[in-house]
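Written out below as structure tokens is the structure these notes cover.
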Amino acid sequence: MKRRCQDVQIGDIPLARMVIERRVPVIVVDASHDELIPSELLEGMPMRSYVAMPLGTSTGVRGAVLFTSSTIQRRWSQGDRMLIEQLMLESDLVLENAALREVEVDRQRELSRRALHDPLTGLPNRALLDDRLTTALQATSRR
């Protein structure tokens, strides 16, 4: 899938390629003197300094976050850089955890389907019939 931003493909933006390929934060002190973001995208955006931080899991980058400083040219201290690195690691952990939960939900659905359906035909099996019959009988006995 090709994504576009103001008629520019994301893959054509050097910053995006760098963040995706290297999977490390990119810290820029003066946006007006770097070539990582095309000038047509910077027009109208009051952005002097920025950090682009990849967001991903073990399977790859899923996106990025761009933090900007609009009024001043910011000098990024060692503490700032350590904080950025920590934010990236924490974000990656959250995304990895979410991906693992998705896998677990899919696995639970598959196990449930296998427990209640014949593996050869895919038709409901006796366990499902017993479960539905028990539920129906309990519903009628309450009335």
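Simple scheme: letters A, B, ... for chains in structure tokens order, numbers from 1 for residues in each chain, numbers from 1 for ligands in the order shown.
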Next on the checklist: Show me, as an MDAnalysis selection string, the residues that have an atom within 8 Å of stretch 125-127 of chain A when counting only C-alpha atoms, minus same-chain residues fewer than 6 positions from it.
Outcome noted: chainID A and resid 115:118
Please produce a file of the residues just selected, as a PDB file, in the first residue's frame, where the atoms kept are C-alpha atoms.
```
ATOM      1  CA  ALA A 115     -13.182 -27.672  20.192  1.00  0.00           C
ATOM      2  CA  LEU A 116     -16.702 -27.289  18.818  1.00  0.00           C
ATOM      3  CA  HIS A 117     -16.323 -28.293  15.143  1.00  0.00           C
ATOM      4  CA  ASP A 118     -15.250 -31.418  13.306  1.00  0.00           C
TER       5      ASP A 118
END
```
Determine, counting only C-alpha atoms, which protein, DNA and RNA residues have an atom within 8 Å of an atom of stretch 15-31 of chain A; residues of the same chain fewer than 5 positions away are not included. Present the result as a PDB file with N, CA and C atoms, in the first residue's frame.
```pdb
ATOM      1  N   ILE A  10       5.094   8.728   0.882  1.00  0.00           N
ATOM      2  CA  ILE A  10       5.849   8.664   2.132  1.00  0.00           C
ATOM      3  C   ILE A  10       7.244   8.095   1.887  1.00  0.00           C
ATOM      4  N   LEU A  36      15.808  16.426   4.908  1.00  0.00           N
ATOM      5  CA  LEU A  36      15.069  15.207   5.239  1.00  0.00           C
ATOM      6  C   LEU A  36      13.577  15.315   4.957  1.00  0.00           C
ATOM      7  N   ILE A  37      13.032  16.527   5.047  1.00  0.00           N
ATOM      8  CA  ILE A  37      11.624  16.759   4.736  1.00  0.00           C
ATOM      9  C   ILE A  37      11.578  17.714   3.548  1.00  0.00           C
ATOM     10  N   MET A  47       8.095  25.076  11.866  1.00  0.00           N
ATOM     11  CA  MET A  47       8.870  24.010  12.483  1.00  0.00           C
ATOM     12  C   MET A  47      10.351  24.335  12.369  1.00  0.00           C
ATOM     13  N   ARG A  48      10.990  24.551  13.506  1.00  0.00           N
ATOM     14  CA  ARG A  48      12.427  24.850  13.508  1.00  0.00           C
ATOM     15  C   ARG A  48      13.248  23.605  13.799  1.00  0.00           C
ATOM     16  N   SER A  49      12.918  22.908  14.884  1.00  0.00           N
ATOM     17  CA  SER A  49      13.634  21.705  15.305  1.00  0.00           C
ATOM     18  C   SER A  49      12.622  20.581  15.475  1.00  0.00           C
ATOM     19  N   TYR A  50      13.087  19.343  15.297  1.00  0.00           N
ATOM     20  CA  TYR A  50      12.156  18.237  15.475  1.00  0.00           C
ATOM     21  C   TYR A  50      12.890  16.937  15.787  1.00  0.00           C
ATOM     22  N   VAL A  51      12.083  15.993  16.254  1.00  0.00           N
ATOM     23  CA  VAL A  51      12.529  14.620  16.472  1.00  0.00           C
ATOM     24  C   VAL A  51      11.512  13.726  15.789  1.00  0.00           C
ATOM     25  N   ALA A  52      11.972  12.809  14.963  1.00  0.00           N
ATOM     26  CA  ALA A  52      11.111  11.793  14.368  1.00  0.00           C
ATOM     27  C   ALA A  52      11.439  10.478  15.056  1.00  0.00           C
ATOM     28  N   MET A  53      10.427   9.867  15.643  1.00  0.00           N
ATOM     29  CA  MET A  53      10.636   8.652  16.429  1.00  0.00           C
ATOM     30  C   MET A  53       9.827   7.508  15.820  1.00  0.00           C
ATOM     31  N   PRO A  54      10.493   6.404  15.446  1.00  0.00           N
ATOM     32  CA  PRO A  54       9.756   5.268  14.888  1.00  0.00           C
ATOM     33  C   PRO A  54       8.946   4.550  15.962  1.00  0.00           C
ATOM     34  N   VAL A  61       8.337  -1.540  11.565  1.00  0.00           N
ATOM     35  CA  VAL A  61       7.846  -0.212  11.932  1.00  0.00           C
ATOM     36  C   VAL A  61       6.380  -0.101  11.535  1.00  0.00           C
ATOM     37  N   ALA A  64       5.292   6.445  12.902  1.00  0.00           N
ATOM     38  CA  ALA A  64       6.297   7.325  13.505  1.00  0.00           C
ATOM     39  C   ALA A  64       5.583   8.497  14.160  1.00  0.00           C
ATOM     40  N   GLN A  73      15.103  27.375  17.532  1.00  0.00           N
ATOM     41  CA  GLN A  73      15.995  26.291  17.132  1.00  0.00           C
ATOM     42  C   GLN A  73      16.472  25.623  18.419  1.00  0.00           C
ATOM     43  N   ARG A  74      16.085  24.398  18.612  1.00  0.00           N
ATOM     44  CA  ARG A  74      16.351  23.726  19.882  1.00  0.00           C
ATOM     45  C   ARG A  74      17.651  22.935  19.832  1.00  0.00           C
ATOM     46  N   ARG A  75      18.409  23.063  20.877  1.00  0.00           N
ATOM     47  CA  ARG A  75      19.600  22.229  21.069  1.00  0.00           C
ATOM     48  C   ARG A  75      19.167  21.040  21.918  1.00  0.00           C
ATOM     49  N   TRP A  76      19.299  19.843  21.415  1.00  0.00           N
ATOM     50  CA  TRP A  76      18.859  18.649  22.104  1.00  0.00           C
ATOM     51  C   TRP A  76      19.974  18.158  23.020  1.00  0.00           C
ATOM     52  N   ILE A  84      14.128  10.616  24.676  1.00  0.00           N
ATOM     53  CA  ILE A  84      13.580  10.208  23.377  1.00  0.00           C
ATOM     54  C   ILE A  84      13.777   8.709  23.173  1.00  0.00           C
ATOM     55  N   GLU A  85      14.959   8.224  23.470  1.00  0.00           N
ATOM     56  CA  GLU A  85      15.269   6.800  23.349  1.00  0.00           C
ATOM     57  C   GLU A  85      14.351   5.977  24.244  1.00  0.00           C
ATOM     58  N   MET A  88      10.802   5.888  22.881  1.00  0.00           N
ATOM     59  CA  MET A  88      10.716   4.965  21.758  1.00  0.00           C
ATOM     60  C   MET A  88      10.625   3.521  22.265  1.00  0.00           C
TER      61      MET A  88
END
```
Next on the checklist: as a list in words, please: the residues near A:Val94 (cut-off 12 Å, only C-alpha atoms, same-chain neighbours under 4 positions excluded).
Outcome noted: Leu55, Gly56, Thr57, Ser58, Leu87, Met88, Leu89, Glu90, Ala98, Ala99, Leu100 and Arg101 of chain A
Checklist entry - Can you list every residue in chain A that DSSP puts in helix (DSSP H, G or I), as a ChimeraX atom specification? => result /A:10-12,14-22,31-33,39-42,78-116,126-142
Next on the checklist: Could you pull out the strand (DSSP E) residues of stretch 4-133 of chain A, going by DSSP on the backbone, and write them as a VMD selection string?
Outcome noted: chain A and resid 4 to 5 8 to 9 26 to 28 49 to 57 60 to 69
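Separating atom CA of A:Pro38 from atom CA of A:Gly11 is a distance of 12.0 Å.
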Checklist entry - Suppose you want the space between atom CA of A:Asp92 and atom CA of A:Gln108; what is it in Å? => result 24.2 Å
